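What's in input.txt: compact mmCIF, C-alpha atoms and all ligand atoms
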# COMPACT_ATOMS: atom_id res chain seq x y z
CA PRO A 1 29.15 -15.01 -13.87
CA SER A 2 28.71 -18.63 -12.93
CA PRO A 3 29.52 -21.81 -14.84
CA ALA A 4 25.81 -22.70 -14.69
CA GLY A 5 24.85 -19.50 -16.51
CA ALA A 6 27.29 -19.95 -19.33
CA ALA A 7 26.10 -20.83 -22.79
CA PRO A 8 27.63 -23.86 -24.50
CA GLY A 9 31.02 -22.87 -25.76
CA ASP A 10 30.93 -19.74 -23.66
CA ASN A 11 34.06 -19.68 -21.59
CA TYR A 12 33.65 -16.39 -19.79
CA VAL A 13 33.79 -18.18 -16.46
CA ALA A 14 37.22 -19.57 -17.16
CA ASP A 15 38.94 -16.46 -15.81
CA ASP A 16 36.97 -16.31 -12.61
CA ALA A 17 37.05 -20.02 -12.00
CA LEU A 18 40.84 -20.07 -12.27
CA SER A 19 41.43 -17.06 -10.11
CA SER A 20 41.42 -17.29 -6.32
CA SER A 21 41.65 -14.42 -3.86
CA ARG A 22 45.39 -15.16 -3.82
CA THR A 23 45.79 -14.70 -7.56
CA ARG A 24 43.06 -12.12 -8.20
CA TRP A 25 45.44 -9.14 -8.32
CA PHE A 26 47.48 -10.99 -10.93
CA ASP A 27 44.42 -11.79 -13.04
CA GLU A 28 43.38 -8.14 -12.93
CA ALA A 29 46.82 -6.64 -13.56
CA ARG A 30 47.02 -7.77 -17.21
CA PHE A 31 50.26 -5.90 -17.92
CA GLY A 32 53.65 -6.25 -16.25
CA MET A 33 57.30 -5.40 -16.84
CA PHE A 34 59.91 -8.16 -17.14
CA ILE A 35 63.53 -7.14 -16.52
CA HIS A 36 66.48 -9.30 -17.53
CA PHE A 37 69.48 -7.82 -15.78
CA GLY A 38 72.74 -9.45 -14.74
CA THR A 39 76.49 -9.47 -15.35
CA TYR A 40 75.85 -10.72 -18.91
CA ALA A 41 74.82 -7.14 -19.74
CA MET A 42 78.54 -6.26 -19.56
CA TYR A 43 79.14 -8.04 -22.89
CA LYS A 44 76.47 -5.94 -24.61
CA GLY A 45 75.51 -9.04 -26.61
CA GLN A 46 78.94 -9.85 -28.06
CA TYR A 47 82.04 -11.87 -27.14
CA ASN A 48 84.66 -11.70 -29.87
CA ALA A 49 82.75 -12.80 -32.98
CA CYS A 50 80.07 -14.57 -30.99
CA ARG A 51 76.72 -12.86 -30.57
CA GLU A 52 74.67 -13.96 -27.59
CA VAL A 53 73.03 -12.28 -24.66
CA GLU A 54 72.11 -13.74 -21.26
CA TRP A 55 73.36 -17.13 -22.52
CA ILE A 56 76.70 -15.64 -23.58
CA LYS A 57 78.79 -17.52 -21.00
CA ARG A 58 77.60 -20.87 -22.29
CA GLN A 59 76.97 -20.26 -25.98
CA CYS A 60 80.22 -18.35 -26.54
CA ASN A 61 82.30 -20.68 -24.36
CA ILE A 62 83.65 -17.96 -22.09
CA PRO A 63 85.90 -19.59 -19.47
CA TRP A 64 84.56 -19.18 -15.94
CA SER A 65 87.78 -17.47 -14.84
CA GLU A 66 87.24 -14.81 -17.49
CA TYR A 67 83.50 -14.46 -16.87
CA GLU A 68 84.10 -14.11 -13.13
CA ALA A 69 86.90 -11.59 -13.62
CA LYS A 70 84.64 -9.40 -15.72
CA ALA A 71 81.74 -9.81 -13.27
CA ALA A 72 84.05 -8.57 -10.50
CA THR A 73 83.99 -5.15 -12.18
CA PHE A 74 80.19 -5.07 -12.68
CA ASN A 75 79.15 -1.58 -11.59
CA PRO A 76 75.46 -0.88 -12.33
CA ALA A 77 75.66 2.59 -10.79
CA SER A 78 73.00 4.02 -13.13
CA PHE A 79 70.31 1.55 -12.02
CA ASP A 80 67.51 3.85 -10.92
CA ALA A 81 64.75 1.86 -9.25
CA ASN A 82 62.50 4.87 -9.01
CA ALA A 83 62.85 5.72 -12.69
CA ILE A 84 62.13 2.10 -13.67
CA VAL A 85 59.03 1.99 -11.46
CA GLN A 86 57.84 5.33 -12.87
CA LEU A 87 58.33 3.99 -16.39
CA ALA A 88 56.29 0.89 -15.58
CA LYS A 89 53.60 2.97 -13.93
CA GLN A 90 53.45 5.35 -16.87
CA ALA A 91 53.10 2.40 -19.24
CA GLY A 92 50.13 1.10 -17.26
CA GLN A 93 52.03 -1.90 -15.93
CA LYS A 94 50.92 -3.16 -12.53
CA TYR A 95 53.81 -5.44 -11.64
CA ILE A 96 57.50 -5.95 -12.29
CA VAL A 97 59.40 -9.24 -12.42
CA ILE A 98 63.19 -8.91 -12.33
CA THR A 99 65.87 -11.58 -12.66
CA ALA A 100 67.17 -12.22 -9.16
CA LYS A 101 69.27 -15.07 -10.57
CA HIS A 102 69.55 -16.21 -14.18
CA HIS A 103 71.15 -19.40 -15.52
CA ASP A 104 74.68 -18.08 -14.83
CA GLY A 105 73.83 -18.39 -11.13
CA PHE A 106 74.84 -14.81 -10.27
CA ALA A 107 72.66 -13.45 -7.46
CA MET A 108 71.58 -9.82 -7.82
CA TRP A 109 71.03 -9.52 -4.05
CA PRO A 110 73.56 -9.99 -1.23
CA THR A 111 72.85 -13.67 -0.63
CA ALA A 112 74.55 -15.35 2.30
CA VAL A 113 74.54 -18.68 0.45
CA ASN A 114 77.58 -17.94 -1.73
CA ARG A 115 79.83 -15.08 -2.82
CA TRP A 116 78.74 -15.23 -6.48
CA ASN A 117 76.61 -12.13 -6.02
CA LEU A 118 76.58 -8.43 -6.74
CA ARG A 119 77.83 -7.35 -3.32
CA ASP A 120 80.45 -9.96 -2.50
CA HIS A 121 81.81 -10.69 -5.97
CA SER A 122 81.43 -7.28 -7.64
CA GLY A 123 81.85 -5.12 -4.54
CA PHE A 124 78.69 -3.18 -5.37
CA SER A 125 77.31 -2.09 -2.04
CA ARG A 126 73.76 -1.15 -3.05
CA ASP A 127 70.98 -3.75 -2.96
CA LEU A 128 69.13 -3.17 -6.23
CA LEU A 129 66.34 -5.62 -5.44
CA ARG A 130 65.70 -3.83 -2.15
CA GLU A 131 65.65 -0.45 -3.94
CA LEU A 132 63.22 -1.80 -6.52
CA LYS A 133 60.99 -3.27 -3.82
CA THR A 134 60.89 0.04 -1.95
CA ALA A 135 60.14 2.08 -5.08
CA ALA A 136 57.53 -0.41 -6.31
CA THR A 137 55.71 -0.56 -2.98
CA ALA A 138 55.66 3.23 -2.72
CA ASN A 139 53.96 3.36 -6.12
CA GLY A 140 51.45 0.55 -5.74
CA ILE A 141 53.36 -1.74 -8.10
CA LYS A 142 53.91 -5.41 -7.19
CA LEU A 143 57.41 -6.84 -7.41
CA GLY A 144 58.29 -10.41 -8.34
CA PHE A 145 61.54 -12.30 -8.85
CA TYR A 146 62.70 -14.50 -11.70
CA TYR A 147 64.80 -17.35 -10.33
CA SER A 148 66.57 -19.89 -12.53
CA ILE A 149 66.48 -23.43 -11.21
CA TRP A 150 69.16 -24.34 -13.73
CA ASP A 151 72.51 -23.07 -12.43
CA TRP A 152 75.65 -23.22 -14.56
CA HIS A 153 77.93 -21.86 -11.86
CA ASP A 154 77.27 -24.13 -8.92
CA PRO A 155 79.10 -27.44 -9.49
CA ASP A 156 76.59 -29.15 -7.20
CA PHE A 157 73.87 -28.70 -9.82
CA VAL A 158 75.39 -31.63 -11.73
CA GLY A 159 77.64 -33.04 -9.00
CA ASN A 160 75.44 -33.19 -5.91
CA PHE A 161 71.91 -32.20 -6.77
CA PRO A 162 70.40 -32.55 -3.25
CA ALA A 163 73.09 -30.19 -1.94
CA TYR A 164 72.23 -27.76 -4.73
CA VAL A 165 68.51 -27.90 -3.87
CA THR A 166 69.29 -27.12 -0.24
CA LYS A 167 71.22 -24.00 -1.31
CA MET A 168 68.49 -23.01 -3.75
CA LYS A 169 65.90 -23.23 -0.99
CA ALA A 170 68.11 -21.14 1.27
CA GLN A 171 68.28 -18.45 -1.42
CA LEU A 172 64.53 -18.58 -1.96
CA GLN A 173 64.02 -18.29 1.78
CA GLU A 174 66.16 -15.14 1.71
CA LEU A 175 64.15 -13.71 -1.17
CA VAL A 176 60.72 -14.55 0.23
CA THR A 177 61.32 -13.51 3.82
CA GLY A 178 63.60 -10.60 2.95
CA TYR A 179 61.69 -9.01 0.08
CA ASP A 180 58.16 -10.42 0.25
CA PRO A 181 57.83 -10.92 -3.52
CA ALA A 182 54.36 -11.02 -5.06
CA VAL A 183 55.52 -13.48 -7.73
CA LEU A 184 58.23 -16.10 -8.04
CA TRP A 185 58.92 -16.70 -11.70
CA PHE A 186 60.91 -19.90 -12.04
CA ASP A 187 62.76 -20.92 -15.20
CA GLY A 188 65.33 -23.46 -16.34
CA GLU A 189 63.37 -26.48 -15.16
CA TRP A 190 62.89 -27.83 -18.66
CA ALA A 191 64.12 -31.14 -20.00
CA GLU A 192 64.09 -30.75 -23.76
CA THR A 193 67.12 -28.54 -24.25
CA ASN A 194 68.98 -29.71 -21.19
CA PRO A 195 68.80 -33.47 -20.77
CA THR A 196 71.25 -33.40 -17.86
CA ASN A 197 68.89 -31.27 -15.78
CA PRO A 198 67.83 -33.54 -12.92
CA TRP A 199 64.89 -31.35 -11.91
CA SER A 200 61.62 -33.34 -11.75
CA ALA A 201 57.89 -32.79 -11.33
CA GLN A 202 58.30 -33.99 -7.75
CA ASN A 203 60.97 -31.34 -7.14
CA GLY A 204 58.46 -28.82 -8.47
CA GLU A 205 55.71 -29.87 -6.08
CA ASP A 206 58.16 -29.83 -3.21
CA LEU A 207 59.37 -26.35 -4.15
CA GLU A 208 55.84 -24.97 -4.39
CA ARG A 209 55.06 -26.37 -0.94
CA PHE A 210 58.30 -24.92 0.39
CA VAL A 211 57.58 -21.41 -0.94
CA HIS A 212 53.96 -21.43 0.22
CA GLY A 213 55.10 -22.70 3.59
CA ILE A 214 57.03 -19.45 3.98
CA SER A 215 54.42 -17.20 2.33
CA PRO A 216 51.09 -18.61 1.14
CA GLN A 217 50.41 -15.47 -0.94
CA VAL A 218 53.23 -15.83 -3.45
CA VAL A 219 51.96 -16.36 -6.99
CA ILE A 220 54.12 -18.93 -8.80
CA ASN A 221 54.53 -19.55 -12.53
CA ASN A 222 54.25 -22.97 -14.12
CA ARG A 223 57.98 -23.41 -14.73
CA VAL A 224 58.40 -24.59 -11.18
CA GLY A 225 57.95 -28.15 -12.45
CA LYS A 226 58.41 -30.07 -15.64
CA ARG A 227 54.75 -30.73 -16.31
CA ARG A 228 54.11 -27.05 -17.09
CA ALA A 229 50.39 -27.40 -17.82
CA VAL A 230 49.53 -28.22 -14.21
CA ASP A 231 52.36 -26.66 -12.23
CA GLY A 232 52.11 -23.38 -10.36
CA ASP A 233 49.43 -20.71 -10.75
CA PHE A 234 49.88 -19.50 -14.31
CA GLY A 235 51.08 -20.63 -17.71
CA THR A 236 53.94 -18.81 -19.44
CA PRO A 237 53.83 -18.90 -23.23
CA GLU A 238 57.02 -17.25 -24.48
CA GLN A 239 57.12 -14.88 -27.48
CA ALA A 240 53.58 -16.09 -28.29
CA LEU A 241 50.09 -14.85 -27.52
CA ALA A 242 48.26 -17.02 -24.99
CA GLY A 243 45.03 -18.33 -26.48
CA SER A 244 41.53 -17.67 -25.22
CA PRO A 245 39.93 -19.93 -22.58
CA PRO A 246 39.35 -22.71 -21.79
CA SER A 247 42.60 -23.19 -19.97
CA ILE A 248 43.38 -25.01 -16.76
CA GLN A 249 45.31 -22.10 -15.32
CA LEU A 250 45.80 -18.35 -15.65
CA GLN A 251 48.02 -17.31 -18.53
CA GLU A 252 50.78 -14.74 -18.93
CA SER A 253 52.64 -14.30 -22.21
CA CYS A 254 56.19 -13.05 -21.81
CA MET A 255 57.57 -11.13 -24.76
CA THR A 256 60.64 -9.03 -25.48
CA ILE A 257 60.36 -5.36 -26.41
CA ASN A 258 63.02 -6.00 -29.09
CA ASN A 259 64.38 -9.47 -29.96
CA THR A 260 66.50 -10.28 -26.92
CA TRP A 261 65.92 -10.68 -23.18
CA GLY A 262 69.16 -9.23 -21.83
CA TYR A 263 70.89 -6.12 -23.18
CA ALA A 264 72.45 -6.37 -26.64
CA ALA A 265 73.80 -3.15 -28.15
CA TRP A 266 73.05 -4.48 -31.66
CA ASP A 267 69.39 -5.23 -30.96
CA THR A 268 67.48 -2.08 -31.80
CA ASN A 269 64.59 -3.93 -33.39
CA PHE A 270 62.02 -2.40 -31.05
CA LYS A 271 58.38 -3.27 -31.43
CA SER A 272 56.15 -0.31 -32.12
CA PRO A 273 53.70 0.87 -29.44
CA THR A 274 50.92 -0.05 -31.90
CA THR A 275 52.11 -3.66 -32.12
CA MET A 276 52.48 -3.92 -28.36
CA VAL A 277 49.10 -2.34 -27.59
CA ARG A 278 47.41 -4.68 -30.05
CA ASP A 279 49.13 -7.69 -28.48
CA LEU A 280 48.04 -6.44 -25.06
CA ALA A 281 44.47 -6.07 -26.33
CA THR A 282 44.49 -9.57 -27.82
CA LEU A 283 45.85 -11.04 -24.61
CA THR A 284 43.34 -9.16 -22.46
CA SER A 285 40.51 -10.35 -24.70
CA ASN A 286 41.85 -13.86 -24.13
CA GLY A 287 41.91 -13.33 -20.36
CA ALA A 288 45.72 -13.41 -20.34
CA ASN A 289 48.51 -11.09 -19.13
CA LEU A 290 51.44 -9.58 -21.00
CA LEU A 291 54.84 -9.51 -19.28
CA LEU A 292 56.88 -7.22 -21.51
CA ASN A 293 60.63 -7.48 -21.15
CA ILE A 294 63.34 -4.85 -21.10
CA GLY A 295 67.08 -5.41 -20.62
CA PRO A 296 69.02 -2.59 -18.92
CA THR A 297 72.61 -1.87 -20.04
CA ASP A 298 75.69 -2.85 -18.03
CA THR A 299 75.40 0.37 -16.04
CA GLY A 300 71.77 -0.42 -15.22
CA ALA A 301 70.31 2.22 -17.52
CA VAL A 302 67.18 1.67 -19.58
CA THR A 303 67.90 2.63 -23.21
CA ALA A 304 65.89 5.33 -24.97
CA GLY A 305 64.55 2.76 -27.45
CA GLN A 306 63.06 0.67 -24.64
CA ALA A 307 61.78 3.64 -22.65
CA ASP A 308 60.20 5.25 -25.73
CA GLY A 309 58.25 2.09 -26.52
CA LEU A 310 56.91 1.91 -22.97
CA ARG A 311 55.99 5.60 -23.01
CA GLY A 312 54.16 5.09 -26.31
CA ILE A 313 52.07 2.33 -24.72
CA GLY A 314 51.58 4.59 -21.70
CA THR A 315 50.14 7.40 -23.78
CA TRP A 316 47.52 4.98 -25.09
CA MET A 317 46.91 3.42 -21.65
CA ALA A 318 46.38 6.83 -20.02
CA VAL A 319 43.21 7.23 -22.10
CA ASN A 320 42.23 3.62 -22.71
CA GLY A 321 43.58 1.66 -19.74
CA ALA A 322 40.06 0.79 -18.58
CA ALA A 323 39.86 -1.62 -21.54
CA ILE A 324 42.89 -3.53 -20.19
CA THR A 325 43.34 -3.27 -16.43
CA GLY A 326 40.85 -5.53 -14.66
CA ALA A 327 39.29 -6.50 -17.98
CA GLY A 328 39.25 -9.94 -19.58
CA HIS A 329 37.62 -12.45 -21.88
CA THR A 330 34.00 -11.55 -22.70
CA GLY A 331 32.55 -14.92 -23.64
CA LEU A 332 29.68 -12.87 -25.11
CA VAL A 333 30.92 -11.96 -28.55
CA THR A 334 32.78 -13.25 -31.55
CA GLN A 335 36.06 -11.34 -31.76
CA PRO A 336 35.74 -8.97 -34.72
CA ALA A 337 38.13 -8.50 -37.64
CA TRP A 338 38.37 -4.77 -36.84
CA GLY A 339 39.88 -5.25 -33.39
CA ARG A 340 39.36 -6.90 -30.01
CA VAL A 341 36.63 -6.76 -27.39
CA THR A 342 37.29 -7.04 -23.66
CA ARG A 343 34.90 -7.03 -20.72
CA LYS A 344 34.89 -5.71 -17.18
CA GLY A 345 31.65 -6.38 -15.34
CA ASN A 346 28.82 -4.67 -17.19
CA LYS A 347 31.06 -2.90 -19.66
CA LEU A 348 32.39 -4.08 -22.97
CA TYR A 349 35.44 -2.38 -24.47
CA LEU A 350 35.59 -2.35 -28.24
CA ILE A 351 39.25 -1.83 -29.09
CA VAL A 352 39.10 -0.66 -32.69
CA ASN A 353 42.30 -1.19 -34.66
CA SER A 354 40.88 -0.28 -38.06
CA TRP A 355 38.01 2.11 -38.30
CA ALA A 356 36.10 1.53 -41.51
CA GLY A 357 32.64 2.99 -41.03
CA THR A 358 30.17 0.73 -39.25
CA LEU A 359 31.52 -1.57 -36.62
CA HIS A 360 29.50 -4.74 -36.31
CA LEU A 361 29.64 -6.84 -33.16
CA SER A 362 28.30 -10.41 -33.28
CA ARG A 363 26.71 -11.78 -30.12
CA ARG A 364 27.45 -15.33 -29.01
CA SER A 365 25.40 -15.00 -25.81
CA PRO A 366 22.55 -12.63 -25.01
CA PHE A 367 23.23 -9.10 -23.79
CA THR A 368 21.75 -5.68 -24.40
CA VAL A 369 23.74 -2.52 -25.06
CA THR A 370 22.31 0.44 -23.15
CA GLY A 371 24.88 3.12 -23.97
CA ALA A 372 28.27 3.75 -25.55
CA ARG A 373 31.01 6.37 -25.67
CA VAL A 374 34.50 6.77 -27.13
CA LEU A 375 37.17 6.93 -24.43
CA GLY A 376 38.99 10.25 -24.49
CA SER A 377 36.50 11.85 -26.85
CA THR A 378 33.16 13.61 -26.64
CA SER A 379 31.93 12.43 -30.04
CA PRO A 380 28.64 10.51 -29.80
CA VAL A 381 28.30 6.82 -30.64
CA THR A 382 25.07 5.56 -32.21
CA VAL A 383 24.23 1.94 -31.37
CA ARG A 384 21.75 -0.09 -33.46
CA ALA A 385 20.57 -3.68 -33.15
CA ALA A 386 21.65 -5.32 -36.41
CA GLY A 387 21.67 -8.94 -37.54
CA ASP A 388 23.23 -11.20 -34.92
CA GLY A 389 24.32 -8.29 -32.73
CA TYR A 390 24.91 -4.58 -32.87
CA ASP A 391 26.28 -1.92 -35.18
CA PHE A 392 28.26 0.89 -33.60
CA LEU A 393 28.40 4.19 -35.47
CA PRO A 394 30.95 6.49 -33.90
CA GLY A 395 30.45 10.09 -34.92
CA GLY A 396 34.04 11.20 -34.62
CA GLY A 397 35.89 8.66 -36.76
CA THR A 398 39.42 7.66 -35.80
CA THR A 399 40.53 9.50 -32.72
CA ASN A 400 43.49 7.36 -31.68
CA ALA A 401 46.25 6.36 -34.09
CA ILE A 402 46.94 3.10 -32.23
CA ALA A 403 43.39 1.94 -31.42
CA THR A 404 40.24 3.81 -30.53
CA VAL A 405 38.21 2.38 -27.68
CA ILE A 406 34.42 2.40 -27.43
CA GLU A 407 33.11 1.67 -23.96
CA ALA A 408 29.65 0.08 -24.08
CA ASP A 409 27.30 -0.43 -21.13
CA ILE A 410 25.57 -3.78 -21.22
CA THR A 411 22.98 -5.76 -19.32
CA THR A 412 22.90 -9.53 -19.36
CA PRO A 413 19.92 -11.76 -18.55
CA ALA A 414 19.72 -12.59 -14.83
O1 LIG A 501 66.71 -19.39 -21.19
C1 LIG A 501 65.77 -18.45 -20.75
C2 LIG A 501 65.92 -17.13 -21.44
O2 LIG A 501 67.20 -16.63 -21.23
C3 LIG A 501 64.88 -16.16 -20.88
O3 LIG A 501 65.10 -15.96 -19.50
C4 LIG A 501 63.51 -16.71 -21.10
C5 LIG A 501 62.39 -15.87 -20.53
O4 LIG A 501 61.19 -16.57 -20.52
N1 LIG A 501 63.38 -18.04 -20.49
C6 LIG A 501 64.38 -19.01 -20.88
C7 LIG A 501 64.05 -19.65 -22.14
O5 LIG A 501 62.81 -20.30 -22.05
What is this file in structure tokens?
Amino acid sequence: PSPAGAAPGDNYVADDALSSSRTRWFDEARFGMFIHFGTYAMYKGQYNACREVEWIKRQCNIPWSEYEAKAATFNPASFDANAIVQLAKQAGQKYIVITAKHHDGFAMWPTAVNRWNLRDHSGFSRDLLRELKTAATANGIKLGFYYSIWDWHDPDFVGNFPAYVTKMKAQLQELVTGYDPAVLWFDGEWAETNPTNPWSAQNGEDLERFVHGISPQVVINNRVGKRRAVDGDFGTPEQALAGSPPSIQLQESCMTINNTWGYAAWDTNFKSPTTMVRDLATLTSNGANLLLNIGPTDTGAVTAGQADGLRGIGTWMAVNGAAITGAGHTGLVTQPAWGRVTRKGNKLYLIVNSWAGTLHLSRRSPFTVTGARVLGSTSPVTVRAAGDGYDFLPGGGTTNAIATVIEADITTPA
């Protein structure tokens, strides 16, 4: 598709126009796993009467001496990189982004920059990021790192900011050269909730240049700078569904599988696979990605509640993944009340949430349907030109409790 061929108001090109060869894999992936894992998991979401999670140090006023003493005994022996990668793969996720360093400044890899890290401070000899990288690569999954610019632990963050930036760059150099991440997912650059944060738009530009100077391929999120809408490669709406194009950059919504990012024993409010699949379908139809977060326990284990949710999505993806992976905004149709429609080349995917007899699809731009089938089913689909588009009459009724997908072949005018 080309901008010249687009009808007024037809934004199909937005995806392609925003995606370069560097970011294409990201634009096609659509679904990734976010992992919030650090020493904060040891509190299981509670410090005395105070309930907090990855912000527990700050929000519950835990003295550094106490937080550090507890972190010294951090022993995530049950972290199983292979199992996590298999879970992601089974769910249909194409990439993983894990917290290398959150706001508490604790590095999950053996950094040489300071001793506030899993090996030197906690005496844990394994390198979990290395294990995850190895497992991910072996399974065709991309690995990215979350890195918090805001650092509560390093006194230089407020005392001597240039010195802090030098150390931050040294850590990023370690991560990029040592682990070749596909994504760097920055956070903690914002001004609103942290007026003392000296990070600026200029710092963001400088950091992007620095990272791409080491590895031009790294895909970077917009939280590298304070301007958000123009920084990095992709926007990062949080706990919200990214809207449909036009947009000035690629979009990835990050959402929690329950209510919290890190592990909280009390948070068992897991989203249902149906809710998550429908969010994924909406995002795909908007040309956006979903980065779905899990928070392993203090031992590094993924809880049954989190794993079950991912497996539920995976069961749906195993049959219907073609409607998501590599698919995007159609620009050709009005999104129907009965579900969402995505497009991949000359195929439309009708993701049917509620199946109430005839399914009408309204055309916004010309195309012709030449055939249709239900994914995972042999029941025939009758297609009829009707009104401003087409009616689809699937013979078999509801075949998937979450959402039934009709794959339609289309031709568009040259
Ligand atoms: O403060 C963090 C929070 O802990 C979490 O990491 C999320 C994920 O997008 N980002 C920040 C809040 O915007």
What are the closest atom pairs, with distances in Å to one decimal, for each residue of chain A lying within 10 Å of ligand LIG 501 (chain A), using only C-alpha atoms and all ligand atoms, rows by chain and rising residue number, as a Markdown table?
| residue | atom | partner | partner_atom | distance |
| --- | --- | --- | --- | --- |
| A:Phe34 | CA | A:LIG501 | C5 | 8.8 |
| A:Ile35 | CA | A:LIG501 | O3 | 9.4 |
| A:His36 | CA | A:LIG501 | O3 | 7.1 |
| A:Phe37 | CA | A:LIG501 | O3 | 10.0 |
| A:Val53 | CA | A:LIG501 | O2 | 8.0 |
| A:Glu54 | CA | A:LIG501 | O2 | 5.7 |
| A:Trp55 | CA | A:LIG501 | O2 | 6.3 |
| A:Ile56 | CA | A:LIG501 | O2 | 9.8 |
| A:Thr99 | CA | A:LIG501 | O3 | 8.2 |
| A:Lys101 | CA | A:LIG501 | O3 | 9.9 |
| A:His102 | CA | A:LIG501 | O3 | 6.9 |
| A:His103 | CA | A:LIG501 | O1 | 7.2 |
| A:Asp104 | CA | A:LIG501 | O2 | 10.0 |
| A:Tyr146 | CA | A:LIG501 | O3 | 8.3 |
| A:Tyr147 | CA | A:LIG501 | O3 | 9.3 |
| A:Ser148 | CA | A:LIG501 | O3 | 8.1 |
| A:Trp150 | CA | A:LIG501 | O1 | 9.3 |
| A:Trp185 | CA | A:LIG501 | O4 | 9.1 |
| A:Phe186 | CA | A:LIG501 | N1 | 9.0 |
| A:Asp187 | CA | A:LIG501 | N1 | 6.1 |
| A:Gly188 | CA | A:LIG501 | C6 | 6.4 |
| A:Glu189 | CA | A:LIG501 | O5 | 9.3 |
| A:Trp190 | CA | A:LIG501 | O5 | 8.3 |
| A:Thr193 | CA | A:LIG501 | O5 | 9.6 |
| A:Arg223 | CA | A:LIG501 | O5 | 9.3 |
| A:Thr236 | CA | A:LIG501 | O4 | 7.7 |
| A:Pro237 | CA | A:LIG501 | O4 | 8.2 |
| A:Glu238 | CA | A:LIG501 | O4 | 5.8 |
| A:Gln239 | CA | A:LIG501 | O4 | 8.2 |
| A:Ser253 | CA | A:LIG501 | O4 | 9.0 |
| A:Cys254 | CA | A:LIG501 | O4 | 6.2 |
| A:Met255 | CA | A:LIG501 | O4 | 7.8 |
| A:Thr256 | CA | A:LIG501 | C5 | 8.6 |
| A:Thr260 | CA | A:LIG501 | O2 | 8.6 |
| A:Trp261 | CA | A:LIG501 | C3 | 6.0 |
| A:Gly262 | CA | A:LIG501 | O2 | 7.7 |
| A:Leu291 | CA | A:LIG501 | O4 | 9.6 |
| A:Asn293 | CA | A:LIG501 | C5 | 8.6 |
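From atom CA of A:Ser244 back to atom CA of A:Val383, the distance works out to 26.9 Å.
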| Taking into account only C-alpha atoms, which residue in the set A:Asp267, A:Arg340, A:Thr412, A:Gly396 is nearest to A:Thr370? | A:Thr412
| What would the list of residues within 10 Å of (57.2, 2.7, -23.2) (file frame) look like as a PyMOL selection string, if all atoms listed in the file are what count? | chain A and resi 87-92+257+272-273+276+294+304-315
| remark: Min atom-atom distance to A:Thr73 from the set A:Thr368, A:Asn117, A:Ile96, A:Pro110, counting all atoms listed in the file, belongs to A:Asn117
| task | Provide the atom CA of A:Phe145 to atom CA of A:Gly123 distance in Å, to one decimal place. | result |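 We find that atom CA of A:Phe145 and atom CA of A:Gly123 lie 22.0 Å from each other.
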| query | Which residue out of A:Gly287, A:Gly387, A:Pro198, A:Gly225 has the minimum interatomic distance to A:Phe161 when all atoms listed in the file are used? | reply | A:Pro198
| message | Just to confirm, what's the straight-line distance from atom CA of A:Ser379 to atom CA of A:Asp391 in Å (one decimal)? | response | 16.3 Å
| query | For A:Arg343, which residue out of A:His360, A:Ala301, A:Asp409, A:Gly395 is the nearest one, using all atoms listed in the file? | reply |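 When distances to A:Arg343 are compared using all atoms listed in the file, the smallest one comes from A:Asp409.
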| remark: Between A:Arg22, A:Thr166, A:Ala323, A:Asn61, smallest distance to A:His212 by only C-alpha atoms belongs to A:Arg22
| said: Using all atoms listed in the file, can you tell me which of A:Ala265, A:Val333, A:Val230, A:Cys50 comes closest to A:Thr297? | reply: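 Nearest candidate to A:Thr297 out of A:Ala265, A:Val333, A:Val230, A:Cys50: A:Ala265.
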| Contact residues around A:Arg51 with all atoms listed in the file at 10 Å, ignoring same-chain residues under 5 positions, as a PyMOL selection string | chain A and resi 43-46+56+59-60+264+266
| query | Within 8 Å of (53.7, -16.7, -5.9), in the coordinates the file gives, what residues turn up when you count only C-alpha atoms, written out as JSON, numbers by chain? | reply | {"A": [181, 182, 183, 184, 185, 211, 212, 216, 217, 218, 219, 220, 221, 233]}
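Shell of A:Gln202 at 12 Å, with only C-alpha atoms counted and residues fewer than 4 places along the chain excluded, is Glu189, Pro198, Asp206, Leu207, Glu208, Arg209, Val224, Gly225, Lys226, Arg227 and Asp231 of chain A.
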| field | Residues near A:Ala71, cut-off 12 Å, only C-alpha atoms, skip fewer than 5 positions along chain, as a list in words | value |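 With the cut-off at 12 Å, the set is Gly38, Thr39, Tyr40, Ala41, Met42, Tyr43, Lys57, Trp64, Ser65, Glu66, Pro76, Asp104, Gly105, Phe106, Ala107, Met108, Arg115, Trp116, Asn117, Leu118, Arg119, Asp120, His121, Ser122, Gly123, Phe124 and Asp298 of chain A.
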